>>> print(open('final22.pdb').read())   # PDB, C-alpha atoms, pLDDT in the B column
ATOM      1  CA  MET L   1     -63.516  34.075-130.994  1.00 85.00           C
ATOM      2  CA  SER L   2     -65.663  32.984-128.065  1.00 90.00           C
ATOM      3  CA  MET L   3     -69.139  31.524-128.361  1.00 90.00           C
ATOM      4  CA  PHE L   4     -72.120  33.216-126.728  1.00 90.00           C
ATOM      5  CA  ALA L   5     -75.531  31.528-126.704  1.00 93.00           C
ATOM      6  CA  LEU L   6     -78.799  33.384-126.355  1.00 93.00           C
ATOM      7  CA  ARG L   7     -82.224  31.892-125.820  1.00 96.00           C
ATOM      8  CA  ILE L   8     -85.186  33.802-127.207  1.00 96.00           C
ATOM      9  CA  PRO L   9     -88.900  32.990-127.335  1.00 97.00           C
ATOM     10  CA  GLU L  10     -90.053  31.150-130.459  1.00 98.00           C
ATOM     11  CA  PRO L  11     -92.414  33.965-131.553  1.00 98.00           C
ATOM     12  CA  MET L  12     -89.491  36.381-131.470  1.00 97.00           C
ATOM     13  CA  LYS L  13     -87.353  33.994-133.536  1.00 96.00           C
ATOM     14  CA  LYS L  14     -90.132  33.766-136.142  1.00 97.00           C
ATOM     15  CA  GLU L  15     -90.344  37.552-136.341  1.00 97.00           C
ATOM     16  CA  MET L  16     -86.574  37.789-136.674  1.00 96.00           C
ATOM     17  CA  SER L  17     -86.565  35.329-139.560  1.00 96.00           C
ATOM     18  CA  LYS L  18     -88.871  37.664-141.510  1.00 97.00           C
ATOM     19  CA  ILE L  19     -86.253  40.419-141.465  1.00 97.00           C
ATOM     20  CA  PRO L  20     -83.272  40.086-143.835  1.00 96.00           C
ATOM     21  CA  LEU L  21     -80.632  40.990-141.276  1.00 97.00           C
ATOM     22  CA  ASN L  22     -77.466  39.271-140.118  1.00 97.00           C
ATOM     23  CA  TRP L  23     -78.486  39.048-136.473  1.00 96.00           C
ATOM     24  CA  SER L  24     -75.072  37.866-135.294  1.00 94.00           C
ATOM     25  CA  ASP L  25     -73.372  40.928-136.771  1.00 95.00           C
ATOM     26  CA  TYR L  26     -76.119  43.172-135.428  1.00 96.00           C
ATOM     27  CA  LEU L  27     -75.774  41.780-131.906  1.00 96.00           C
ATOM     28  CA  ARG L  28     -71.953  41.957-131.999  1.00 96.00           C
ATOM     29  CA  SER L  29     -72.183  45.587-133.056  1.00 97.00           C
ATOM     30  CA  SER L  30     -74.788  46.394-130.395  1.00 97.00           C
ATOM     31  CA  ILE L  31     -72.719  44.743-127.670  1.00 96.00           C
ATOM     32  CA  SER L  32     -69.617  46.614-128.816  1.00 96.00           C
ATOM     33  CA  GLU L  33     -71.478  49.940-128.694  1.00 96.00           C
ATOM     34  CA  ALA L  34     -72.836  49.161-125.210  1.00 97.00           C
ATOM     35  CA  LEU L  35     -69.346  48.288-123.957  1.00 96.00           C
ATOM     36  CA  GLU L  36     -67.875  51.478-125.406  1.00 93.00           C
ATOM     37  CA  SER L  37     -70.667  53.529-123.877  1.00 92.00           C
ATOM     38  CA  GLN L  38     -70.100  51.941-120.476  1.00 94.00           C
ATOM     39  CA  LYS L  39     -66.353  52.599-120.692  1.00 93.00           C
ATOM     40  CA  LYS L  40     -67.069  56.279-121.353  1.00 88.00           C
ATOM     41  CA  ARG L  41     -69.522  56.427-118.443  1.00 88.00           C
ATOM     42  CA  ASN L  42     -66.931  54.900-116.129  1.00 91.00           C
ATOM     43  CA  LEU L  43     -64.285  57.349-117.329  1.00 87.00           C
ATOM     44  CA  PHE L  44     -66.644  60.296-116.832  1.00 83.00           C
ATOM     45  CA  LYS L  45     -67.445  59.105-113.302  1.00 86.00           C
ATOM     46  CA  LYS L  46     -63.737  58.863-112.469  1.00 86.00           C
ATOM     47  CA  LEU L  47     -63.095  62.292-113.943  1.00 80.00           C
ATOM     48  CA  HIS L  48     -66.014  63.749-112.026  1.00 78.00           C
ATOM     49  CA  ASN L  49     -64.772  62.229-108.778  1.00 80.00           C
ATOM     50  CA  LEU L  50     -61.270  63.557-109.373  1.00 78.00           C
ATOM     51  CA  ALA L  51     -62.544  67.042-110.091  1.00 73.00           C
ATOM     52  CA  GLN L  52     -64.912  66.965-107.109  1.00 73.00           C
ATOM     53  CA  ASN L  53     -62.142  65.902-104.754  1.00 74.00           C
ATOM     54  CA  SER L  54     -59.551  68.324-106.078  1.00 72.00           C
ATOM     55  CA  PRO L  55     -59.146  71.293-103.749  1.00 70.00           C
ATOM     56  CA  ASN L  56     -58.271  73.599-106.662  1.00 70.00           C
ATOM     57  CA  SER L  57     -61.248  72.882-108.901  1.00 66.00           C
ATOM     58  CA  LYS L  58     -64.128  75.308-109.215  1.00 71.00           C
ATOM     59  CA  LYS L  59     -67.757  74.220-109.080  1.00 72.00           C
ATOM     60  CA  GLY L  60     -68.878  72.926-112.482  1.00 75.00           C
ATOM     61  CA  THR L  61     -65.373  72.000-113.661  1.00 73.00           C
ATOM     62  CA  ALA L  62     -66.142  68.289-114.030  1.00 70.00           C
ATOM     63  CA  ALA L  63     -69.363  68.934-115.944  1.00 76.00           C
ATOM     64  CA  ARG L  64     -67.581  71.359-118.281  1.00 78.00           C
ATOM     65  CA  ILE L  65     -64.762  68.916-119.003  1.00 76.00           C
ATOM     66  CA  ILE L  66     -67.182  66.032-119.565  1.00 76.00           C
ATOM     67  CA  ARG L  67     -69.233  68.136-121.989  1.00 82.00           C
ATOM     68  CA  GLN L  68     -66.089  69.059-123.916  1.00 81.00           C
ATOM     69  CA  ILE L  69     -65.003  65.416-124.191  1.00 78.00           C
ATOM     70  CA  ARG L  70     -68.507  64.269-125.142  1.00 78.00           C
ATOM     71  CA  ASP L  71     -68.824  66.960-127.837  1.00 82.00           C
ATOM     72  CA  ARG L  72     -65.560  65.820-129.425  1.00 77.00           C
ATOM     73  CA  GLY L  73     -67.015  62.344-129.885  1.00 63.00           C
TER      74      GLY L  73
END
>>> encode(input="final22.pdb", output="structure tokens")
Amino acid sequence: MSMFALRIPEPMKKEMSKIPLNWSDYLRSSISEALESQKKRNLFKKLHNLAQNSPNSKKGTAARIIRQIRDRG
């Protein structure tokens, strides 16, 4: 596993110490969710571009497909 260092202001660190939370796990989870979200956004953009540039697609096709994928989770 790689190391990632983060500098935060001292007042923030003091506030964090008052909360019984494993901050490393929380940050790993948050970063993972952000990465997954960005991957989906990139995929949706590619799909939208493909549908937009396809001569056989009807207007709204990309939006419909993206909604269907998003609704499935």
>>> axis_aligned_box(input="final22.pdb", around="segment 22-36 of chain L", padding_each_side="4 Å", output="lines of an AutoDock Vina configuration file")
center_x = -73.2
center_y = 44.7
center_z = -132.0
size_x = 18.6
size_y = 21.6
size_z = 24.2
>>> residues_around(input="final22.pdb", residues="Asn49 of chain L", least_positions_apart="6", cutoff="12 Å", atoms="all atoms listed in the file", output="ChimeraX atom specification")
/L:42-43,55,57,61-63,66
>>> closest_residue(input="final22.pdb", among="L:Leu47, L:Leu6, L:Gln52, L:Lys59", to="Ser24 of chain L", atoms="all atoms listed in the file")
L:Leu6
>>> atom_distance(input="final22.pdb", atom1="atom CA of Trp23 of chain L", atom2="atom CA of Glu36 of chain L")
19.7 Å
>>> closest_residue(input="final22.pdb", among="L:Arg28, L:Lys18, L:Arg72, L:Lys40", to="Met3 of chain L", atoms="all atoms listed in the file")
L:Arg28
>>> build_atoms(input="final22.pdb", residues="segment 8-35 of chain L", atoms="N, CA and C atoms", output="PDB file, in the frame of the given file")
ATOM      1  N   ILE L   8     -84.112  32.842-126.978  1.00 96.00           N
ATOM      2  CA  ILE L   8     -85.186  33.802-127.207  1.00 96.00           C
ATOM      3  C   ILE L   8     -86.481  33.031-127.409  1.00 96.00           C
ATOM      4  N   PRO L   9     -87.615  33.662-127.124  1.00 97.00           N
ATOM      5  CA  PRO L   9     -88.900  32.990-127.335  1.00 97.00           C
ATOM      6  C   PRO L   9     -89.123  32.668-128.813  1.00 97.00           C
ATOM      7  N   GLU L  10     -89.794  31.587-129.083  1.00 98.00           N
ATOM      8  CA  GLU L  10     -90.053  31.150-130.459  1.00 98.00           C
ATOM      9  C   GLU L  10     -90.764  32.224-131.293  1.00 98.00           C
ATOM     10  N   PRO L  11     -91.768  32.912-130.740  1.00 98.00           N
ATOM     11  CA  PRO L  11     -92.414  33.965-131.553  1.00 98.00           C
ATOM     12  C   PRO L  11     -91.425  35.052-131.995  1.00 98.00           C
ATOM     13  N   MET L  12     -90.492  35.379-131.119  1.00 97.00           N
ATOM     14  CA  MET L  12     -89.491  36.381-131.470  1.00 97.00           C
ATOM     15  C   MET L  12     -88.597  35.861-132.588  1.00 97.00           C
ATOM     16  N   LYS L  13     -88.196  34.612-132.500  1.00 96.00           N
ATOM     17  CA  LYS L  13     -87.353  33.994-133.536  1.00 96.00           C
ATOM     18  C   LYS L  13     -88.066  34.017-134.888  1.00 96.00           C
ATOM     19  N   LYS L  14     -89.364  33.738-134.886  1.00 97.00           N
ATOM     20  CA  LYS L  14     -90.132  33.766-136.142  1.00 97.00           C
ATOM     21  C   LYS L  14     -90.162  35.173-136.728  1.00 97.00           C
ATOM     22  N   GLU L  15     -90.345  36.168-135.869  1.00 97.00           N
ATOM     23  CA  GLU L  15     -90.344  37.552-136.341  1.00 97.00           C
ATOM     24  C   GLU L  15     -88.970  37.933-136.902  1.00 97.00           C
ATOM     25  N   MET L  16     -87.927  37.490-136.219  1.00 96.00           N
ATOM     26  CA  MET L  16     -86.574  37.789-136.674  1.00 96.00           C
ATOM     27  C   MET L  16     -86.295  37.185-138.041  1.00 96.00           C
ATOM     28  N   SER L  17     -86.822  35.999-138.276  1.00 96.00           N
ATOM     29  CA  SER L  17     -86.565  35.329-139.560  1.00 96.00           C
ATOM     30  C   SER L  17     -87.225  36.053-140.730  1.00 96.00           C
ATOM     31  N   LYS L  18     -88.190  36.904-140.455  1.00 97.00           N
ATOM     32  CA  LYS L  18     -88.871  37.664-141.510  1.00 97.00           C
ATOM     33  C   LYS L  18     -88.057  38.878-141.962  1.00 97.00           C
ATOM     34  N   ILE L  19     -87.051  39.226-141.170  1.00 97.00           N
ATOM     35  CA  ILE L  19     -86.253  40.419-141.465  1.00 97.00           C
ATOM     36  C   ILE L  19     -84.901  39.985-142.030  1.00 97.00           C
ATOM     37  N   PRO L  20     -84.559  40.478-143.229  1.00 96.00           N
ATOM     38  CA  PRO L  20     -83.272  40.086-143.835  1.00 96.00           C
ATOM     39  C   PRO L  20     -82.105  40.838-143.185  1.00 96.00           C
ATOM     40  N   LEU L  21     -81.682  40.337-142.038  1.00 97.00           N
ATOM     41  CA  LEU L  21     -80.632  40.990-141.276  1.00 97.00           C
ATOM     42  C   LEU L  21     -79.709  39.921-140.714  1.00 97.00           C
ATOM     43  N   ASN L  22     -78.416  40.186-140.737  1.00 97.00           N
ATOM     44  CA  ASN L  22     -77.466  39.271-140.118  1.00 97.00           C
ATOM     45  C   ASN L  22     -77.487  39.573-138.619  1.00 97.00           C
ATOM     46  N   TRP L  23     -78.257  38.789-137.886  1.00 96.00           N
ATOM     47  CA  TRP L  23     -78.486  39.048-136.473  1.00 96.00           C
ATOM     48  C   TRP L  23     -77.214  38.918-135.647  1.00 96.00           C
ATOM     49  N   SER L  24     -76.334  38.018-136.023  1.00 94.00           N
ATOM     50  CA  SER L  24     -75.072  37.866-135.294  1.00 94.00           C
ATOM     51  C   SER L  24     -74.246  39.144-135.383  1.00 94.00           C
ATOM     52  N   ASP L  25     -74.122  39.678-136.595  1.00 95.00           N
ATOM     53  CA  ASP L  25     -73.372  40.928-136.771  1.00 95.00           C
ATOM     54  C   ASP L  25     -74.041  42.078-136.019  1.00 95.00           C
ATOM     55  N   TYR L  26     -75.372  42.112-136.103  1.00 96.00           N
ATOM     56  CA  TYR L  26     -76.119  43.172-135.428  1.00 96.00           C
ATOM     57  C   TYR L  26     -75.887  43.115-133.919  1.00 96.00           C
ATOM     58  N   LEU L  27     -75.963  41.926-133.351  1.00 96.00           N
ATOM     59  CA  LEU L  27     -75.774  41.780-131.906  1.00 96.00           C
ATOM     60  C   LEU L  27     -74.334  42.084-131.498  1.00 96.00           C
ATOM     61  N   ARG L  28     -73.356  41.639-132.293  1.00 96.00           N
ATOM     62  CA  ARG L  28     -71.953  41.957-131.999  1.00 96.00           C
ATOM     63  C   ARG L  28     -71.747  43.472-131.981  1.00 96.00           C
ATOM     64  N   SER L  29     -72.310  44.132-132.962  1.00 97.00           N
ATOM     65  CA  SER L  29     -72.183  45.587-133.056  1.00 97.00           C
ATOM     66  C   SER L  29     -72.868  46.269-131.869  1.00 97.00           C
ATOM     67  N   SER L  30     -74.049  45.810-131.517  1.00 97.00           N
ATOM     68  CA  SER L  30     -74.788  46.394-130.395  1.00 97.00           C
ATOM     69  C   SER L  30     -74.045  46.197-129.085  1.00 97.00           C
ATOM     70  N   ILE L  31     -73.478  45.020-128.884  1.00 96.00           N
ATOM     71  CA  ILE L  31     -72.719  44.743-127.670  1.00 96.00           C
ATOM     72  C   ILE L  31     -71.472  45.625-127.619  1.00 96.00           C
ATOM     73  N   SER L  32     -70.811  45.770-128.750  1.00 96.00           N
ATOM     74  CA  SER L  32     -69.617  46.614-128.816  1.00 96.00           C
ATOM     75  C   SER L  32     -69.954  48.062-128.461  1.00 96.00           C
ATOM     76  N   GLU L  33     -71.058  48.573-128.996  1.00 96.00           N
ATOM     77  CA  GLU L  33     -71.478  49.940-128.694  1.00 96.00           C
ATOM     78  C   GLU L  33     -71.812  50.093-127.209  1.00 96.00           C
ATOM     79  N   ALA L  34     -72.487  49.102-126.631  1.00 97.00           N
ATOM     80  CA  ALA L  34     -72.836  49.161-125.210  1.00 97.00           C
ATOM     81  C   ALA L  34     -71.577  49.151-124.344  1.00 97.00           C
ATOM     82  N   LEU L  35     -70.596  48.338-124.711  1.00 96.00           N
ATOM     83  CA  LEU L  35     -69.346  48.288-123.957  1.00 96.00           C
ATOM     84  C   LEU L  35     -68.607  49.618-124.033  1.00 96.00           C
TER      85      LEU L  35
END
